[in-house]
Amino acid sequence: MHGFANPARFLRFARWLTPLLLAAGLVITGASLWWGLARAPAEALQGDSVRILFIHVPTAWLGMAGWMAIAGASMAELVWRHPLAGIAARAAAAPGAVFTAVCLTTGSLWGRPAWNTWWVWDGRLTSMLVLLFLYFAYMALASAAENDGQGGNARIPAIFGLVGAINIPVIHYSVIWWYSIHQPPSLSMGKSAMSSEFLYPLLASTIGFSLIFGGVVLARMRAILADAQAEARLRRKAFAED
């Protein structure tokens with residue numbers, strides 16, 4: 001990990017990995033969604049509406065995984081002072097928020113025919129909505145810290161990223177801890193309640209979306225570093241002219 005602490009070394013690595021992740025993710029996601037939406041059979045109870053799980057489940061996973069990436073990067077920033085950790089956390093925030101919003105939207109679309117309601121304030125849906133608000137708050141804090149330019153304030157988003165991780169196990173165990181209209185997990189370690197007709201395209205879709213997420217994060221990190229380098233050049237030019 002410390003081998004990529006040097007921005008130049010990281011950029012050389014990310015330059016070829018970014019398009020590779022994005023291309024592979026788009027191909028795998030497209031193929032899995034085509035199979036899941038066009039080829040998989042209708043489910044016995046939910047009919048064709050079950051097909052939305054091929055988007056809903058991966059985006060739910062990546063909404064939570066995105067915040068865990070923020071928490072891990074925040075830990076590296078606070079403890080090891082990793083120079084790219086804060087950039088990685090900021091880069092993961094926007095795509096994590098997008099996946100969370102897609103999860104909530106597709107869940108609502110799925111819930112209407114399955115539960116005869118667009119929304120209920122149960123543990124899973126509410127804690128997922130809280131996650132979306134946490135993303136918004138983190139991005140606001142990170143933007144304020146960047147504009148302020150003070151080292152002490154830069155630690156506030158990292159601390160918030162760690163504290164916000166408390167919501168992740170709440171999301172995961174909410175359907176177990178409290179009565180919920182949301183169905184319990186169909187997948188667990190080494191076990192699956194799904195038939196192979198749904199399981200394999202769902203796993204492929206999750207892999208594809210995850211690769212896209214990784215590619216977007218790397219692209220955003222490169223953009224943030226490019227902006228920082230451009231700003232540093234402008235400051236040196238302004239200083240030289242003075």
# chains A, B, ... in the order shown; residues from 1 in each chain; ligands from 1

$ residues_around --residues "region 121-138 of chain A" --least-positions-apart "5" --cutoff "9 Å" --atoms "only C-alpha atoms" --output "VMD selection string"
chain A and resid 60 63 to 64 67 90 93 to 94 96 to 98 100 to 101 103 to 104 107 143 157 to 158 160 to 161 164 167 to 168 170 to 175 177 to 182

$ residues_around --residues "Gly30 (chain A)" --least-positions-apart "5" --cutoff "12 Å" --atoms "only C-alpha atoms" --output "MDAnalysis selection string"
chainID A and resid 22:25 35:38 54:55 201:202 204:209 212

$ write_last_selection --atoms "C-alpha atoms" --output "compact mmCIF listing (two decimals), in the first residue's frame"
# COMPACT_ATOMS: atom_id res chain seq x y z
CA LEU A 22 -14.26 0.37 -16.77
CA ALA A 23 -14.21 -1.68 -19.99
CA ALA A 24 -14.36 -5.02 -18.18
CA GLY A 25 -17.08 -3.73 -15.86
CA TRP A 35 -29.16 -12.41 -19.27
CA GLY A 36 -30.97 -11.43 -16.08
CA LEU A 37 -33.49 -9.12 -17.70
CA ALA A 38 -34.10 -11.00 -20.96
CA PHE A 54 -30.00 -7.60 -10.88
CA ILE A 55 -29.64 -3.83 -10.44
CA PRO A 201 -26.27 -13.55 -13.33
CA LEU A 202 -26.67 -11.71 -10.02
CA ALA A 204 -21.86 -11.51 -12.49
CA SER A 205 -23.80 -8.24 -12.26
CA THR A 206 -22.28 -7.55 -8.84
CA ILE A 207 -18.78 -8.16 -10.18
CA GLY A 208 -19.43 -5.92 -13.18
CA PHE A 209 -20.82 -3.04 -11.12
CA ILE A 212 -17.18 0.03 -12.74

$ select_by_dssp --residues "chain A" --states "strand (DSSP E or B)" --output "VMD selection string"
chain A and resid 43 47 187 to 188 191 to 192

$ write_last_selection --atoms "N, CA and C atoms" --output "compact mmCIF listing (two decimals), in the first residue's frame"
# COMPACT_ATOMS: atom_id res chain seq x y z
N GLU A 43 -40.09 -15.13 -11.68
CA GLU A 43 -40.14 -15.80 -10.38
C GLU A 43 -41.57 -16.21 -10.05
N GLY A 47 -43.12 -12.75 -10.16
CA GLY A 47 -43.22 -12.56 -11.59
C GLY A 47 -42.01 -11.87 -12.19
N LEU A 187 -28.60 -14.40 0.41
CA LEU A 187 -27.23 -14.89 0.29
C LEU A 187 -26.51 -14.71 1.61
N SER A 188 -25.74 -15.71 2.00
CA SER A 188 -24.90 -15.63 3.18
C SER A 188 -23.65 -16.45 2.91
N LYS A 191 -23.95 -20.07 1.63
CA LYS A 191 -25.34 -20.50 1.48
C LYS A 191 -26.08 -19.55 0.54
N SER A 192 -27.06 -20.11 -0.14
CA SER A 192 -27.88 -19.31 -1.03
C SER A 192 -29.28 -19.88 -1.09

$ atom_distance --atom1 "CA of Gly66 (chain A)" --atom2 "CA of Leu84 (chain A)"
16.4 Å

$ closest_residue --among "A:Ile28, A:Ile52, A:Ala14, A:Val217" --to "Gly111 (chain A)" --atoms "only C-alpha atoms"
A:Ile52

$ closest_residue --among "A:Pro83, A:Phe213, A:Gly72, A:Trp61" --to "Pro7 (chain A)" --atoms "only C-alpha atoms"
A:Pro83

$ select_by_dssp --residues "region 77-198 of chain A" --states "helix (DSSP H, G or I)" --output "PyMOL selection string"
chain A and resi 77-79+85-115+123-148+151-164+167-177+196-198

$ residues_around --residues "Ala145 (chain A)" --least-positions-apart "5" --cutoff "8 Å" --atoms "only C-alpha atoms" --output "number ranges by chain"
A: 150, 153-154, 156-157

$ residues_around --residues "Ser49 (chain A)" --least-positions-apart "2" --cutoff "9 Å" --atoms "only C-alpha atoms" --output "list of chain:residue names"
A:Ala42, A:Glu43, A:Gln46, A:Gly47, A:Arg51, A:Ile52, A:Leu53, A:Leu109, A:Trp110, A:Pro113, A:Ala114

$ write_last_selection --atoms "N, CA, C and O atoms" --output "short mmCIF file (atom, residue, chain, number, x, y, z; two decimals), in the first residue's frame"
data_model
loop_
_atom_site.label_atom_id
_atom_site.label_comp_id
_atom_site.auth_asym_id
_atom_site.auth_seq_id
_atom_site.Cartn_x
_atom_site.Cartn_y
_atom_site.Cartn_z
N ALA A 42 -39.34 -15.76 -15.11
CA ALA A 42 -40.08 -15.02 -14.10
C ALA A 42 -40.12 -15.83 -12.81
O ALA A 42 -40.18 -17.06 -12.83
N GLU A 43 -40.09 -15.13 -11.68
CA GLU A 43 -40.14 -15.80 -10.38
C GLU A 43 -41.57 -16.21 -10.05
O GLU A 43 -42.53 -15.55 -10.47
N GLN A 46 -43.15 -13.36 -7.50
CA GLN A 46 -43.02 -11.95 -7.86
C GLN A 46 -43.10 -11.69 -9.36
O GLN A 46 -43.12 -10.53 -9.78
N GLY A 47 -43.12 -12.75 -10.16
CA GLY A 47 -43.22 -12.56 -11.59
C GLY A 47 -42.01 -11.87 -12.19
O GLY A 47 -40.87 -12.05 -11.73
N ARG A 51 -36.86 -9.20 -11.71
CA ARG A 51 -35.68 -8.93 -12.53
C ARG A 51 -34.92 -7.69 -12.07
O ARG A 51 -33.74 -7.54 -12.37
N ILE A 52 -35.60 -6.80 -11.36
CA ILE A 52 -34.94 -5.57 -10.91
C ILE A 52 -33.85 -5.87 -9.89
O ILE A 52 -32.98 -5.02 -9.62
N LEU A 53 -33.85 -7.10 -9.31
CA LEU A 53 -32.82 -7.44 -8.32
C LEU A 53 -31.43 -7.41 -8.92
O LEU A 53 -30.44 -7.22 -8.20
N LEU A 109 -39.26 0.92 -6.65
CA LEU A 109 -39.94 0.37 -7.82
C LEU A 109 -40.27 -1.11 -7.64
O LEU A 109 -41.31 -1.58 -8.12
N TRP A 110 -39.39 -1.82 -6.96
CA TRP A 110 -39.62 -3.23 -6.68
C TRP A 110 -40.69 -3.40 -5.60
O TRP A 110 -41.52 -4.31 -5.66
N PRO A 113 -44.99 -3.31 -6.61
CA PRO A 113 -45.76 -4.52 -6.95
C PRO A 113 -45.60 -5.64 -5.93
O PRO A 113 -46.52 -6.45 -5.75
N ALA A 114 -44.44 -5.69 -5.23
CA ALA A 114 -44.21 -6.79 -4.30
C ALA A 114 -44.92 -6.59 -2.97
O ALA A 114 -45.46 -7.54 -2.38
#

$ decode --residues "region 160-174 of chain A" --atoms "all heavy atoms" --output "tab-separated table (two decimals), in the first residue's frame"
chain	number	residue	atom	x	y	z
A	160	PHE	N	-15.44	11.78	10.49
A	160	PHE	CA	-16.84	11.54	10.13
A	160	PHE	C	-16.98	10.24	9.34
A	160	PHE	O	-17.94	9.49	9.52
A	160	PHE	CB	-17.37	12.72	9.32
A	160	PHE	CG	-18.84	12.62	8.99
A	160	PHE	CD1	-19.80	12.99	9.92
A	160	PHE	CD2	-19.25	12.16	7.75
A	160	PHE	CE1	-21.15	12.90	9.62
A	160	PHE	CE2	-20.60	12.07	7.44
A	160	PHE	CZ	-21.55	12.44	8.39
A	161	GLY	N	-16.02	9.97	8.46
A	161	GLY	CA	-16.05	8.73	7.69
A	161	GLY	C	-15.97	7.50	8.56
A	161	GLY	O	-16.64	6.49	8.29
A	162	LEU	N	-15.18	7.57	9.63
A	162	LEU	CA	-15.08	6.44	10.55
A	162	LEU	C	-16.35	6.30	11.39
A	162	LEU	O	-16.87	5.19	11.56
A	162	LEU	CB	-13.86	6.61	11.47
A	162	LEU	CG	-12.49	6.36	10.83
A	162	LEU	CD1	-11.39	6.70	11.83
A	162	LEU	CD2	-12.37	4.90	10.40
A	163	VAL	N	-16.86	7.40	11.89
A	163	VAL	CA	-18.06	7.35	12.73
A	163	VAL	C	-19.26	6.86	11.92
A	163	VAL	O	-20.08	6.06	12.39
A	163	VAL	CB	-18.34	8.73	13.35
A	163	VAL	CG1	-19.67	8.72	14.09
A	163	VAL	CG2	-17.21	9.13	14.29
A	164	GLY	N	-19.36	7.31	10.67
A	164	GLY	CA	-20.49	6.92	9.83
A	164	GLY	C	-20.53	5.44	9.52
A	164	GLY	O	-21.59	4.90	9.16
A	165	ALA	N	-19.39	4.75	9.66
A	165	ALA	CA	-19.35	3.31	9.39
A	165	ALA	C	-20.22	2.52	10.36
A	165	ALA	O	-20.53	1.35	10.10
A	165	ALA	CB	-17.90	2.80	9.43
A	166	ILE	N	-20.61	3.13	11.47
A	166	ILE	CA	-21.50	2.44	12.42
A	166	ILE	C	-22.81	2.05	11.74
A	166	ILE	O	-23.44	1.05	12.10
A	166	ILE	CB	-21.77	3.37	13.63
A	166	ILE	CG1	-20.47	3.65	14.39
A	166	ILE	CG2	-22.82	2.77	14.56
A	166	ILE	CD1	-20.62	4.68	15.50
A	167	ASN	N	-23.21	2.82	10.74
A	167	ASN	CA	-24.49	2.54	10.07
A	167	ASN	C	-24.44	1.29	9.20
A	167	ASN	O	-25.50	0.72	8.89
A	167	ASN	CB	-24.87	3.75	9.21
A	167	ASN	CG	-26.29	3.66	8.67
A	167	ASN	OD1	-27.22	3.37	9.41
A	167	ASN	ND2	-26.45	3.90	7.38
A	168	ILE	N	-23.26	0.84	8.78
A	168	ILE	CA	-23.17	-0.30	7.87
A	168	ILE	C	-23.68	-1.59	8.51
A	168	ILE	O	-24.51	-2.28	7.92
A	168	ILE	CB	-21.73	-0.47	7.35
A	168	ILE	CG1	-21.29	0.81	6.61
A	168	ILE	CG2	-21.65	-1.68	6.43
A	168	ILE	CD1	-22.18	1.19	5.44
A	169	PRO	N	-23.23	-1.98	9.71
A	169	PRO	CA	-23.83	-3.18	10.32
A	169	PRO	C	-25.30	-3.01	10.65
A	169	PRO	O	-26.05	-3.99	10.66
A	169	PRO	CB	-22.99	-3.40	11.59
A	169	PRO	CG	-22.30	-2.11	11.85
A	169	PRO	CD	-22.10	-1.48	10.51
A	170	VAL	N	-25.74	-1.77	10.91
A	170	VAL	CA	-27.17	-1.54	11.13
A	170	VAL	C	-27.95	-1.91	9.89
A	170	VAL	O	-29.00	-2.57	9.95
A	170	VAL	CB	-27.42	-0.08	11.55
A	170	VAL	CG1	-28.92	0.19	11.64
A	170	VAL	CG2	-26.75	0.22	12.88
A	171	ILE	N	-27.46	-1.48	8.72
A	171	ILE	CA	-28.12	-1.82	7.46
A	171	ILE	C	-28.14	-3.34	7.27
A	171	ILE	O	-29.18	-3.93	6.94
A	171	ILE	CB	-27.40	-1.15	6.27
A	171	ILE	CG1	-27.51	0.37	6.35
A	171	ILE	CG2	-27.97	-1.64	4.95
A	171	ILE	CD1	-26.70	1.10	5.30
A	172	HIS	N	-27.01	-3.97	7.49
A	172	HIS	CA	-26.88	-5.40	7.22
A	172	HIS	C	-27.80	-6.24	8.12
A	172	HIS	O	-28.47	-7.17	7.64
A	172	HIS	CB	-25.43	-5.84	7.40
A	172	HIS	CG	-25.21	-7.29	7.14
A	172	HIS	ND1	-25.23	-7.82	5.87
A	172	HIS	CD2	-24.98	-8.34	7.99
A	172	HIS	CE1	-25.02	-9.12	5.94
A	172	HIS	NE2	-24.86	-9.45	7.21
A	173	TYR	N	-27.84	-5.91	9.40
A	173	TYR	CA	-28.59	-6.74	10.35
A	173	TYR	C	-29.99	-6.22	10.64
A	173	TYR	O	-30.69	-6.81	11.47
A	173	TYR	CB	-27.81	-6.84	11.66
A	173	TYR	CG	-26.54	-7.65	11.54
A	173	TYR	CD1	-25.30	-7.03	11.54
A	173	TYR	CD2	-26.58	-9.03	11.42
A	173	TYR	CE1	-24.13	-7.76	11.42
A	173	TYR	CE2	-25.42	-9.78	11.31
A	173	TYR	CZ	-24.20	-9.14	11.31
A	173	TYR	OH	-23.04	-9.86	11.20
A	174	SER	N	-30.40	-5.15	9.98
A	174	SER	CA	-31.70	-4.54	10.29
A	174	SER	C	-32.86	-5.51	10.10
A	174	SER	O	-33.81	-5.50	10.88
A	174	SER	CB	-31.91	-3.29	9.44
A	174	SER	OG	-31.83	-3.60	8.06
